[in-house]
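Q: Input final.cif, format and content: mmCIF, C-alpha atoms.
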```
data_target
#
loop_
_atom_site.group_PDB
_atom_site.id
_atom_site.type_symbol
_atom_site.label_atom_id
_atom_site.label_comp_id
_atom_site.auth_asym_id
_atom_site.auth_seq_id
_atom_site.Cartn_x
_atom_site.Cartn_y
_atom_site.Cartn_z
ATOM 1 C CA MET A 18 30.139 30.936 15.482
ATOM 2 C CA ARG A 19 30.616 31.442 11.737
ATOM 3 C CA ASN A 20 30.643 27.668 11.179
ATOM 4 C CA ARG A 21 27.393 27.343 13.074
ATOM 5 C CA LYS A 22 25.761 29.930 10.808
ATOM 6 C CA ILE A 23 26.982 28.096 7.711
ATOM 7 C CA ILE A 24 25.567 24.783 9.010
ATOM 8 C CA ILE A 25 22.194 26.364 9.827
ATOM 9 C CA LEU A 26 22.009 28.061 6.405
ATOM 10 C CA THR A 27 22.969 24.821 4.613
ATOM 11 C CA CYS A 28 20.289 22.869 6.492
ATOM 12 C CA ALA A 29 17.692 25.547 5.727
ATOM 13 C CA ALA A 30 18.622 25.525 2.018
ATOM 14 C CA LEU A 31 18.388 21.719 1.929
ATOM 15 C CA LEU A 32 14.959 21.821 3.565
ATOM 16 C CA VAL A 33 13.677 24.411 1.114
ATOM 17 C CA ALA A 34 15.037 22.364 -1.814
ATOM 18 C CA LEU A 35 13.362 19.213 -0.496
ATOM 19 C CA ILE A 36 9.987 20.817 0.158
ATOM 20 C CA GLY A 37 10.014 22.610 -3.143
ATOM 21 C CA SER A 38 10.944 19.582 -5.231
ATOM 22 C CA PRO A 39 8.367 18.474 -7.803
ATOM 23 C CA ALA A 40 8.364 14.893 -6.490
ATOM 24 C CA LEU A 41 7.080 16.004 -3.123
ATOM 25 C CA ALA A 42 4.833 18.716 -4.476
ATOM 26 C CA LEU A 43 2.908 16.090 -6.483
ATOM 27 C CA ALA A 44 2.712 13.580 -3.644
ATOM 28 C CA GLY A 45 -0.868 12.777 -2.733
ATOM 29 C CA LYS A 46 -2.218 13.432 -6.237
ATOM 30 C CA SER A 47 -0.069 11.814 -8.919
ATOM 31 C CA TYR A 48 1.366 8.347 -8.572
ATOM 32 C CA GLY A 49 3.959 6.696 -10.772
ATOM 33 C CA LYS A 50 4.511 7.786 -14.359
ATOM 34 C CA ALA A 51 2.614 10.681 -15.874
ATOM 35 C CA LEU A 52 -0.556 9.684 -17.691
ATOM 36 C CA THR A 53 -0.064 9.433 -21.435
ATOM 37 C CA GLY A 54 -3.423 10.851 -22.437
ATOM 38 C CA SER A 55 -4.913 7.769 -24.071
ATOM 39 C CA ASP A 56 -8.705 7.458 -24.283
ATOM 40 C CA THR A 57 -10.567 6.338 -21.187
ATOM 41 C CA VAL A 58 -12.196 2.915 -21.456
ATOM 42 C CA GLU A 59 -15.269 2.120 -19.354
ATOM 43 C CA ILE A 60 -14.508 -0.559 -16.776
ATOM 44 C CA GLY A 61 -17.597 -2.477 -17.882
ATOM 45 C CA GLU A 62 -16.409 -2.468 -21.499
ATOM 46 C CA LEU A 63 -12.957 -3.663 -20.422
ATOM 47 C CA LEU A 64 -14.393 -6.582 -18.449
ATOM 48 C CA ALA A 65 -16.941 -7.474 -21.115
ATOM 49 C CA ASN A 66 -14.354 -7.555 -23.910
ATOM 50 C CA PRO A 67 -10.988 -8.235 -22.271
ATOM 51 C CA ASP A 68 -9.484 -9.863 -25.366
ATOM 52 C CA ARG A 69 -9.851 -6.588 -27.230
ATOM 53 C CA TYR A 70 -7.578 -4.832 -24.737
ATOM 54 C CA MET A 71 -5.318 -7.640 -23.528
ATOM 55 C CA GLY A 72 -1.675 -6.564 -23.325
ATOM 56 C CA LYS A 73 -2.508 -3.005 -24.336
ATOM 57 C CA THR A 74 -2.134 0.162 -22.302
ATOM 58 C CA VAL A 75 -5.559 1.309 -21.159
ATOM 59 C CA ARG A 76 -6.856 4.176 -19.070
ATOM 60 C CA VAL A 77 -9.753 3.751 -16.680
ATOM 61 C CA GLU A 78 -11.579 6.060 -14.322
ATOM 62 C CA GLY A 79 -13.630 5.160 -11.297
ATOM 63 C CA VAL A 80 -14.283 5.322 -7.579
ATOM 64 C CA ILE A 81 -11.575 3.825 -5.385
ATOM 65 C CA THR A 82 -13.396 0.990 -3.663
ATOM 66 C CA GLY A 83 -10.433 -0.668 -1.963
ATOM 67 C CA VAL A 84 -6.714 -0.198 -1.336
ATOM 68 C CA CYS A 85 -4.043 -2.691 -0.260
ATOM 69 C CA GLU A 86 -3.909 -2.066 3.478
ATOM 70 C CA LYS A 87 -0.346 -3.141 4.081
ATOM 71 C CA ARG A 88 1.721 -1.939 1.146
ATOM 72 C CA GLY A 89 -0.603 0.235 -0.909
ATOM 73 C CA CYS A 90 0.350 -2.044 -3.808
ATOM 74 C CA TRP A 91 -3.093 -2.132 -5.426
ATOM 75 C CA MET A 92 -6.340 -0.259 -5.546
ATOM 76 C CA SER A 93 -9.644 -1.358 -6.964
ATOM 77 C CA LEU A 94 -11.705 0.975 -9.091
ATOM 78 C CA GLY A 95 -15.453 0.701 -9.377
ATOM 79 C CA SER A 96 -17.372 2.062 -12.328
ATOM 80 C CA LYS A 97 -19.207 5.272 -11.478
ATOM 81 C CA GLY A 98 -22.072 4.482 -13.829
ATOM 82 C CA GLU A 99 -22.512 0.732 -13.431
ATOM 83 C CA ASP A 100 -22.815 -1.564 -10.439
ATOM 84 C CA PHE A 101 -20.705 -4.746 -10.177
ATOM 85 C CA GLN A 102 -18.024 -3.449 -12.591
ATOM 86 C CA GLU A 103 -14.750 -3.299 -10.716
ATOM 87 C CA ILE A 104 -11.111 -3.770 -11.657
ATOM 88 C CA ARG A 105 -7.890 -3.865 -9.699
ATOM 89 C CA ILE A 106 -4.886 -1.682 -10.488
ATOM 90 C CA LYS A 107 -1.826 -3.637 -9.348
ATOM 91 C CA VAL A 108 1.539 -1.947 -9.035
ATOM 92 C CA ASP A 109 4.967 -3.237 -8.064
ATOM 93 C CA ASP A 110 5.534 -3.158 -4.310
ATOM 94 C CA GLY A 111 7.114 0.116 -3.267
ATOM 95 C CA VAL A 112 7.266 1.575 -6.767
ATOM 96 C CA ILE A 113 3.843 3.161 -6.394
ATOM 97 C CA VAL A 114 2.096 3.323 -3.025
ATOM 98 C CA PHE A 115 -1.621 4.103 -2.976
ATOM 99 C CA PRO A 116 -2.843 5.643 0.286
ATOM 100 C CA VAL A 117 -5.521 3.801 2.234
ATOM 101 C CA GLU A 118 -7.390 7.044 2.912
ATOM 102 C CA ALA A 119 -8.022 7.401 -0.836
ATOM 103 C CA LYS A 120 -11.031 5.056 -0.613
ATOM 104 C CA GLY A 121 -14.079 6.790 -2.001
ATOM 105 C CA LYS A 122 -12.092 9.259 -4.085
ATOM 106 C CA THR A 123 -12.013 9.278 -7.871
ATOM 107 C CA ALA A 124 -8.954 7.945 -9.670
ATOM 108 C CA VAL A 125 -7.779 7.882 -13.245
ATOM 109 C CA ALA A 126 -5.282 5.089 -13.805
ATOM 110 C CA GLU A 127 -3.254 3.766 -16.695
ATOM 111 C CA GLY A 128 -1.602 0.432 -17.251
ATOM 112 C CA VAL A 129 -1.580 -2.789 -19.197
ATOM 113 C CA LEU A 130 -4.537 -5.174 -18.981
ATOM 114 C CA ALA A 131 -3.533 -8.677 -17.869
ATOM 115 C CA LYS A 132 -5.305 -11.938 -17.110
ATOM 116 C CA VAL A 133 -4.456 -13.606 -13.801
ATOM 117 C CA GLU A 134 -5.039 -17.352 -13.625
ATOM 118 C CA MET A 135 -4.411 -18.855 -10.190
ATOM 119 C CA THR A 136 -3.963 -22.489 -9.231
ATOM 120 C CA MET A 137 -6.199 -23.972 -6.515
ATOM 121 C CA GLU A 138 -3.388 -23.600 -3.958
ATOM 122 C CA GLN A 139 -2.854 -19.967 -4.903
ATOM 123 C CA THR A 140 -6.596 -19.331 -4.740
ATOM 124 C CA VAL A 141 -6.833 -20.805 -1.221
ATOM 125 C CA ALA A 142 -3.806 -18.766 -0.076
ATOM 126 C CA TYR A 143 -5.197 -15.613 -1.668
ATOM 127 C CA LYS A 144 -8.639 -15.965 -0.105
ATOM 128 C CA LYS A 145 -7.130 -16.880 3.270
ATOM 129 C CA HIS A 146 -4.973 -13.747 3.163
ATOM 130 C CA HIS A 147 -7.966 -11.632 2.141
ATOM 131 C CA ALA A 148 -10.042 -13.030 5.026
ATOM 132 C CA GLU A 149 -7.232 -12.389 7.521
ATOM 133 C CA GLU A 150 -6.829 -8.856 6.275
ATOM 134 C CA HIS A 151 -10.523 -8.171 6.807
ATOM 135 C CA GLY A 152 -10.846 -10.089 10.079
ATOM 136 C CA GLU A 153 -13.188 -12.620 8.483
ATOM 137 C CA GLU A 154 -13.424 -16.370 9.038
ATOM 138 C CA PHE A 155 -12.139 -18.562 6.223
ATOM 139 C CA ASP A 156 -12.970 -22.137 5.317
ATOM 140 C CA PRO A 157 -10.592 -23.623 2.676
ATOM 141 C CA ALA A 158 -13.405 -26.007 1.648
ATOM 142 C CA SER A 159 -15.348 -22.996 0.400
ATOM 143 C CA VAL A 160 -12.879 -22.699 -2.507
ATOM 144 C CA THR A 161 -14.175 -24.958 -5.245
ATOM 145 C CA GLU A 162 -12.458 -23.596 -8.337
ATOM 146 C CA PRO A 163 -9.322 -21.627 -9.156
ATOM 147 C CA LEU A 164 -9.638 -17.872 -9.389
ATOM 148 C CA VAL A 165 -9.342 -16.203 -12.782
ATOM 149 C CA TYR A 166 -9.592 -12.459 -13.054
ATOM 150 C CA TYR A 167 -8.413 -9.447 -15.003
ATOM 151 C CA GLN A 168 -6.350 -6.629 -13.609
ATOM 152 C CA ILE A 169 -4.371 -3.659 -14.842
ATOM 153 C CA LYS A 170 -0.652 -3.586 -14.243
ATOM 154 C CA GLY A 171 -0.574 0.049 -13.287
ATOM 155 C CA THR A 172 2.036 2.491 -14.498
ATOM 156 C CA GLY A 173 0.533 5.737 -13.259
ATOM 157 C CA ALA A 174 -2.522 7.241 -11.650
ATOM 158 C CA VAL A 175 -4.038 10.497 -10.543
ATOM 159 C CA ILE A 176 -6.268 10.558 -7.478
ATOM 160 C CA ARG A 177 -8.564 13.510 -6.911
ATOM 161 C CA MET B 21 21.319 10.305 14.896
ATOM 162 C CA GLY B 22 17.787 11.215 13.721
ATOM 163 C CA LEU B 23 18.189 9.341 10.440
ATOM 164 C CA THR B 24 19.620 6.287 12.183
ATOM 165 C CA VAL B 25 16.619 6.121 14.545
ATOM 166 C CA ILE B 26 14.168 6.601 11.644
ATOM 167 C CA TYR B 27 15.821 3.880 9.567
ATOM 168 C CA ALA B 28 16.174 1.447 12.493
ATOM 169 C CA VAL B 29 12.614 1.826 13.822
ATOM 170 C CA SER B 30 11.112 1.748 10.345
ATOM 171 C CA GLY B 31 13.323 -1.257 9.499
ATOM 172 C CA ILE B 32 11.834 -3.276 12.348
ATOM 173 C CA ALA B 33 8.319 -2.091 11.469
ATOM 174 C CA VAL B 34 8.482 -3.064 7.791
ATOM 175 C CA ASN B 35 10.271 -6.364 8.544
ATOM 176 C CA HIS B 36 7.047 -7.448 10.223
ATOM 177 C CA MET B 37 4.706 -6.179 7.529
ATOM 178 C CA HIS B 38 3.175 -9.643 7.237
ATOM 179 C CA HIS B 39 2.139 -9.593 10.888
ATOM 180 C CA TRP B 40 0.823 -6.073 11.229
ATOM 181 C CA ASN B 41 0.227 -2.888 9.312
ATOM 182 C CA PRO B 42 3.166 -0.527 9.919
ATOM 183 C CA ASN B 43 1.382 2.509 8.458
ATOM 184 C CA TYR B 44 -2.205 2.397 9.660
ATOM 185 C CA LYS B 45 -4.400 1.015 12.374
ATOM 186 C CA PHE B 46 -8.005 0.251 11.528
ATOM 187 C CA GLN B 47 -10.961 0.784 13.772
ATOM 188 C CA ARG B 48 -13.704 -1.599 12.640
ATOM 189 C CA VAL B 49 -17.126 -1.635 14.213
ATOM 190 C CA GLU B 50 -19.840 -4.074 13.212
ATOM 191 C CA GLU B 51 -23.425 -2.901 13.279
ATOM 192 C CA ARG B 52 -26.722 -4.615 12.577
ATOM 193 C CA LEU B 53 -29.516 -3.239 10.469
ATOM 194 C CA GLN B 54 -32.699 -4.459 8.878
ATOM 195 C CA PRO B 55 -31.847 -6.114 5.530
ATOM 196 C CA ILE B 56 -32.172 -3.793 2.556
ATOM 197 C CA PRO B 57 -34.138 -4.875 -0.532
ATOM 198 C CA GLN B 58 -32.030 -4.930 -3.669
ATOM 199 C CA GLY B 59 -33.014 -2.262 -6.140
ATOM 200 C CA ASP B 60 -31.497 0.891 -7.543
ATOM 201 C CA ARG B 61 -28.388 2.080 -5.774
ATOM 202 C CA ALA B 62 -29.702 5.494 -4.718
ATOM 203 C CA THR B 63 -32.667 3.963 -2.864
ATOM 204 C CA MET B 64 -30.434 1.384 -1.186
ATOM 205 C CA VAL B 65 -27.982 4.091 -0.091
ATOM 206 C CA ALA B 66 -30.777 6.220 1.375
ATOM 207 C CA LEU B 67 -32.143 3.217 3.295
ATOM 208 C CA ALA B 68 -28.705 2.287 4.617
ATOM 209 C CA VAL B 69 -28.031 5.859 5.758
ATOM 210 C CA GLU B 70 -31.379 5.963 7.550
ATOM 211 C CA ARG B 71 -31.151 2.522 9.171
ATOM 212 C CA LEU B 72 -27.566 2.983 10.315
ATOM 213 C CA ASP B 73 -28.220 6.558 11.413
ATOM 214 C CA LEU B 74 -25.222 7.769 9.409
ATOM 215 C CA PRO B 75 -24.293 11.473 9.313
ATOM 216 C CA GLY B 76 -25.784 12.344 5.938
ATOM 217 C CA MET B 77 -25.354 10.957 2.445
ATOM 218 C CA PRO B 78 -21.969 9.497 1.499
ATOM 219 C CA VAL B 79 -19.544 11.200 -0.868
ATOM 220 C CA GLU B 80 -19.575 8.109 -3.094
ATOM 221 C CA SER B 81 -21.141 4.667 -3.141
ATOM 222 C CA PHE B 82 -20.629 1.407 -5.029
ATOM 223 C CA ARG B 83 -22.036 -2.108 -5.306
ATOM 224 C CA PRO B 84 -19.207 -4.588 -5.977
ATOM 225 C CA ASN B 85 -21.730 -7.459 -5.951
ATOM 226 C CA PRO B 86 -25.508 -7.811 -5.440
ATOM 227 C CA GLU B 87 -25.161 -8.438 -1.699
ATOM 228 C CA THR B 88 -22.750 -5.621 -0.864
ATOM 229 C CA LEU B 89 -23.212 -1.879 -0.746
ATOM 230 C CA GLN B 90 -20.210 0.344 -0.079
ATOM 231 C CA LEU B 91 -20.617 3.856 1.296
ATOM 232 C CA PHE B 92 -17.657 6.237 1.270
ATOM 233 C CA TYR B 93 -17.349 9.226 3.559
ATOM 234 C CA ASP B 94 -14.394 11.560 3.947
ATOM 235 C CA GLY B 95 -11.706 9.343 5.494
ATOM 236 C CA TRP B 96 -13.929 6.401 6.442
ATOM 237 C CA SER B 97 -16.271 3.904 4.836
ATOM 238 C CA VAL B 98 -19.103 1.467 5.484
ATOM 239 C CA ASP B 99 -19.513 -1.946 3.871
ATOM 240 C CA VAL B 100 -23.092 -3.176 4.113
ATOM 241 C CA ASP B 101 -24.134 -6.777 3.584
ATOM 242 C CA VAL B 102 -27.665 -5.900 2.517
ATOM 243 C CA VAL B 103 -28.903 -9.505 2.658
ATOM 244 C CA ALA B 104 -27.544 -10.423 6.096
ATOM 245 C CA GLY B 105 -28.154 -6.948 7.502
ATOM 246 C CA VAL B 106 -24.611 -6.454 8.756
ATOM 247 C CA ALA B 107 -22.553 -3.283 8.314
ATOM 248 C CA LEU B 108 -18.847 -2.846 8.925
ATOM 249 C CA VAL B 109 -17.805 0.718 9.690
ATOM 250 C CA GLU B 110 -14.099 1.163 8.992
ATOM 251 C CA ARG B 111 -11.965 4.102 10.055
ATOM 252 C CA PRO B 112 -8.256 3.995 9.179
ATOM 253 C CA LYS B 113 -5.960 5.981 11.439
ATOM 254 C CA ASP B 114 -2.391 6.942 10.661
ATOM 255 C CA ARG B 115 0.451 5.621 12.776
ATOM 256 C CA VAL B 116 1.792 9.153 12.433
ATOM 257 C CA ILE B 117 5.514 8.832 13.233
ATOM 258 C CA LEU B 118 5.882 5.311 11.889
ATOM 259 C CA ARG B 119 4.084 6.079 8.643
ATOM 260 C CA ASP B 120 6.362 9.032 7.920
ATOM 261 C CA SER B 121 9.440 7.040 8.950
ATOM 262 C CA ASN B 122 8.470 4.226 6.579
ATOM 263 C CA PHE B 123 7.738 6.760 3.853
ATOM 264 C CA LEU B 124 11.300 8.073 4.087
ATOM 265 C CA HIS B 125 13.001 4.745 4.813
ATOM 266 C CA LEU B 126 11.455 3.075 1.754
ATOM 267 C CA ASN B 127 12.257 6.167 -0.315
ATOM 268 C CA HIS B 128 8.688 6.662 -1.453
ATOM 269 C CA PRO B 129 9.192 10.426 -1.992
ATOM 270 C CA LYS B 130 11.993 9.597 -4.457
ATOM 271 C CA GLY B 131 13.394 12.807 -6.043
ATOM 272 C CA SER B 132 15.641 14.786 -3.688
ATOM 273 C CA TRP B 133 15.232 12.314 -0.847
ATOM 274 C CA THR B 134 17.215 9.761 -2.889
ATOM 275 C CA TYR B 135 20.301 11.987 -2.573
ATOM 276 C CA VAL B 136 19.788 12.502 1.167
ATOM 277 C CA ALA B 137 19.494 8.724 1.614
ATOM 278 C CA ASP B 138 22.586 8.151 -0.578
ATOM 279 C CA VAL B 139 24.660 10.588 1.491
ATOM 280 C CA TYR B 140 23.483 8.904 4.679
ATOM 281 C CA ALA B 141 24.367 5.452 3.306
ATOM 282 C CA PHE B 142 27.782 6.721 2.253
ATOM 283 C CA LEU B 143 28.391 8.151 5.727
ATOM 284 C CA LEU B 144 27.409 4.826 7.311
ATOM 285 C CA LEU B 145 29.844 3.068 4.989
ATOM 286 C CA PHE B 146 32.562 5.532 5.895
ATOM 287 C CA LEU B 147 31.814 5.037 9.587
ATOM 288 C CA ALA B 148 32.059 1.241 9.234
ATOM 289 C CA VAL B 149 35.271 1.255 7.191
ATOM 290 C CA SER B 150 37.073 3.994 9.126
ATOM 291 C CA GLY B 151 36.029 2.350 12.390
ATOM 292 C CA MET B 152 38.214 -0.631 11.528
ATOM 293 C CA PHE B 153 41.312 1.539 11.747
ATOM 294 C CA VAL B 154 40.540 3.558 14.874
ATOM 295 C CA LEU B 155 41.907 1.100 17.388
ATOM 296 C CA LYS B 156 45.549 0.020 17.210
ATOM 297 C CA GLY B 157 47.510 -2.890 18.595
ATOM 298 C CA ARG B 158 45.896 -5.895 20.329
ATOM 299 C CA THR B 159 42.353 -4.542 20.073
ATOM 300 C CA GLY B 160 42.827 -3.198 16.541
ATOM 301 C CA LEU B 161 42.476 -4.679 13.050
ATOM 302 C CA THR B 162 45.497 -6.945 13.414
ATOM 303 C CA GLY B 163 44.405 -8.200 16.860
ATOM 304 C CA ARG B 164 40.921 -8.827 18.266
ATOM 305 C CA GLY B 165 39.330 -6.533 15.687
ATOM 306 C CA LYS B 166 39.735 -8.977 12.804
ATOM 307 C CA TRP B 167 37.607 -11.558 14.645
ATOM 308 C CA PHE B 168 34.803 -9.054 15.118
ATOM 309 C CA ILE B 169 34.943 -8.201 11.408
ATOM 310 C CA LEU B 170 34.859 -11.870 10.453
ATOM 311 C CA ALA B 171 31.945 -12.482 12.840
ATOM 312 C CA GLY B 172 30.011 -9.657 11.187
ATOM 313 C CA LEU B 173 30.648 -11.100 7.740
ATOM 314 C CA ALA B 174 29.906 -14.662 8.872
ATOM 315 C CA VAL B 175 26.302 -13.945 9.895
ATOM 316 C CA PRO B 176 24.942 -13.171 6.385
ATOM 317 C CA VAL B 177 27.293 -15.643 4.646
ATOM 318 C CA ILE B 178 26.322 -18.609 6.873
ATOM 319 C CA TYR B 179 22.652 -17.656 6.630
ATOM 320 C CA LEU B 180 22.811 -17.620 2.810
ATOM 321 C CA ILE B 181 24.681 -20.950 2.691
ATOM 322 C CA PHE B 182 21.986 -22.566 4.851
ATOM 323 C CA LEU B 183 19.230 -20.974 2.790
ATOM 324 C CA ARG B 184 20.577 -22.033 -0.586
ATOM 325 C CA TYR B 185 22.448 -25.284 -0.075
ATOM 326 C CA ILE B 186 21.243 -26.997 3.116
#
```
Go ahead and render the structure in this file as structure tokens.
A:
Amino acid sequence: MRNRKIIILTCAALLVALIGSPALALAGKSYGKALTGSDTVEIGELLANPDRYMGKTVRVEGVITGVCEKRGCWMSLGSKGEDFQEIRIKVDDGVIVFPVEAKGKTAVAEGVLAKVEMTMEQTVAYKKHHAEEHGEEFDPASVTEPLVYYQIKGTGAVIR
Amino acid sequence: MGLTVIYAVSGIAVNHMHHWNPNYKFQRVEERLQPIPQGDRATMVALAVERLDLPGMPVESFRPNPETLQLFYDGWSVDVDVVAGVALVERPKDRVILRDSNFLHLNHPKGSWTYVADVYAFLLLFLAVSGMFVLKGRTGLTGRGKWFILAGLAVPVIYLIFLRYI
């Protein structure tokens, strides 16, 4: 009887410790490392002058327009003020996981700006995967040139 | 027992991540509407809401390219091809138990859960190692048992040899 009480109390204490831990308390709002507080760069400015920011840690803010459906390993941010200005925040699989239901919310994200240059084969595979993910038809012949784009290798983000 | 079931079920689910989404299912409904003339975003949003008979103005909107208008509501979204007049209404739904199982299995909470997972892994290790010495005699480690242990080791070793050298 006494042992049973000890087991129940231990389990209860463990549960309280788990629920009260900062890691869980922040879940759903902060992702990855804490933001460093650097100045926010407009997404449009970043895309218009990528060389100015290449390899540097930048902070951007925008509407979450898309999230990796399978692993939550990226989210795309669209500029609140300008149409057609969108950038992807890519994180290592499993290190940070963005929730799919965050689409439409506002996010502030930090990371290092990088240029991604794909080969033709990679471009075909990428677009095929994208089409499959969205239930769209894909014709490999529609790919005429390799994809080149900029993205931020994300280190941390806050979604609100 | 609970942890073993969570880890096993989640293990199968995430092994097949390339075939299906282990965390969410998506309800996607395609709708047709009269094409929307390209102009300022606010006007386009208002037209889309009216023509698709949506429940009020969206929380946010965005135009990733001239042909597409995205409308975001709380928990769901609409992608409108304004030129073709086609809208895709998307509603993600949690796979409740699986999503939470994967969350714990892949140690996404980190923090305290890391220690719980470590203790569980240690207990599994203890179970495997101590299990070798439970049976004695012909069925034990010196008898039939050693062949079972070797068979268990052979599976990953042979697989890796084939993968790397053959």
Q: Taking (0.2, -1.1, -1.6) in the file's coordinates as the center, which residues reach within 10 Å of it, counting all atoms listed in the file, put as a PyMOL selection string?
A: chain A and resi 84-92+107-117
Q: Just to confirm, what's the straight-line distance from CA of Ala158 in chain A to CA of Val106 in chain B in Å (one decimal)?
A: 23.6 Å
Q: Do you know which residues the PyMOL selection byres ((chain B) within 10 of (chain A)) returns on this file, as number ranges by chain?
A: B: 34, 37-46, 48, 60-61, 78-86, 88-97, 111-114, 123, 126-133, 136
Q: Got time to write the residues from that selection, C-alpha atoms, as a short mmCIF file (atom, residue, chain, number, x, y, z; two decimals), in the frame of the given file?
A:
```cif
data_model
loop_
_atom_site.label_atom_id
_atom_site.label_comp_id
_atom_site.auth_asym_id
_atom_site.auth_seq_id
_atom_site.Cartn_x
_atom_site.Cartn_y
_atom_site.Cartn_z
CA VAL B 34 8.48 -3.06 7.79
CA MET B 37 4.71 -6.18 7.53
CA HIS B 38 3.18 -9.64 7.24
CA HIS B 39 2.14 -9.59 10.89
CA TRP B 40 0.82 -6.07 11.23
CA ASN B 41 0.23 -2.89 9.31
CA PRO B 42 3.17 -0.53 9.92
CA ASN B 43 1.38 2.51 8.46
CA TYR B 44 -2.20 2.40 9.66
CA LYS B 45 -4.40 1.01 12.37
CA PHE B 46 -8.01 0.25 11.53
CA ARG B 48 -13.70 -1.60 12.64
CA ASP B 60 -31.50 0.89 -7.54
CA ARG B 61 -28.39 2.08 -5.77
CA PRO B 78 -21.97 9.50 1.50
CA VAL B 79 -19.54 11.20 -0.87
CA GLU B 80 -19.58 8.11 -3.09
CA SER B 81 -21.14 4.67 -3.14
CA PHE B 82 -20.63 1.41 -5.03
CA ARG B 83 -22.04 -2.11 -5.31
CA PRO B 84 -19.21 -4.59 -5.98
CA ASN B 85 -21.73 -7.46 -5.95
CA PRO B 86 -25.51 -7.81 -5.44
CA THR B 88 -22.75 -5.62 -0.86
CA LEU B 89 -23.21 -1.88 -0.75
CA GLN B 90 -20.21 0.34 -0.08
CA LEU B 91 -20.62 3.86 1.30
CA PHE B 92 -17.66 6.24 1.27
CA TYR B 93 -17.35 9.23 3.56
CA ASP B 94 -14.39 11.56 3.95
CA GLY B 95 -11.71 9.34 5.49
CA TRP B 96 -13.93 6.40 6.44
CA SER B 97 -16.27 3.90 4.84
CA ARG B 111 -11.96 4.10 10.06
CA PRO B 112 -8.26 4.00 9.18
CA LYS B 113 -5.96 5.98 11.44
CA ASP B 114 -2.39 6.94 10.66
CA PHE B 123 7.74 6.76 3.85
CA LEU B 126 11.46 3.08 1.75
CA ASN B 127 12.26 6.17 -0.32
CA HIS B 128 8.69 6.66 -1.45
CA PRO B 129 9.19 10.43 -1.99
CA LYS B 130 11.99 9.60 -4.46
CA GLY B 131 13.39 12.81 -6.04
CA SER B 132 15.64 14.79 -3.69
CA TRP B 133 15.23 12.31 -0.85
CA VAL B 136 19.79 12.50 1.17
#
```
Q: How far is it from CA of Gly173 in chain A to CA of Thr74 in chain A, in Å with one decimal?
A: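 Spanning CA of Gly173 in chain A to CA of Thr74 in chain A is a straight-line distance of 11.0 Å.
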Q: One decimal, in Å: what's the spacing between CA of Ile26 in chain B and CA of Ile117 in chain B?
A: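 Atom-to-atom, CA of Ile26 in chain B and CA of Ile117 in chain B are spaced 9.1 Å apart.
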Q: Which of these residues is nearest to Ala104 in chain B, using all atoms listed in the file: B:Leu155, B:Leu183, B:Ile56, B:Ile178?
A: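 Nearest candidate to Ala104 in chain B out of B:Leu155, B:Leu183, B:Ile56, B:Ile178: B:Ile56.
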Q: Any idea what's packed within 12 Å of Ser159 in chain A, counting all atoms listed in the file, ignoring anything in its chain fewer than 6 positions away? Could you give it as JSON, numbers by chain?
A: {"A": [137, 140, 141, 144, 145]}
Q: Specify the axis-aligned box that encloses all atoms of range 88-101 of chain A listed in the file after padding of 5 Å on each side, stating its centre and edge lengths in Å to one decimal as lines of an AutoDock Vina configuration file.
A:
```
center_x = -10.5
center_y = 0.3
center_z = -6.3
size_x = 34.5
size_y = 20.0
size_z = 25.0
```
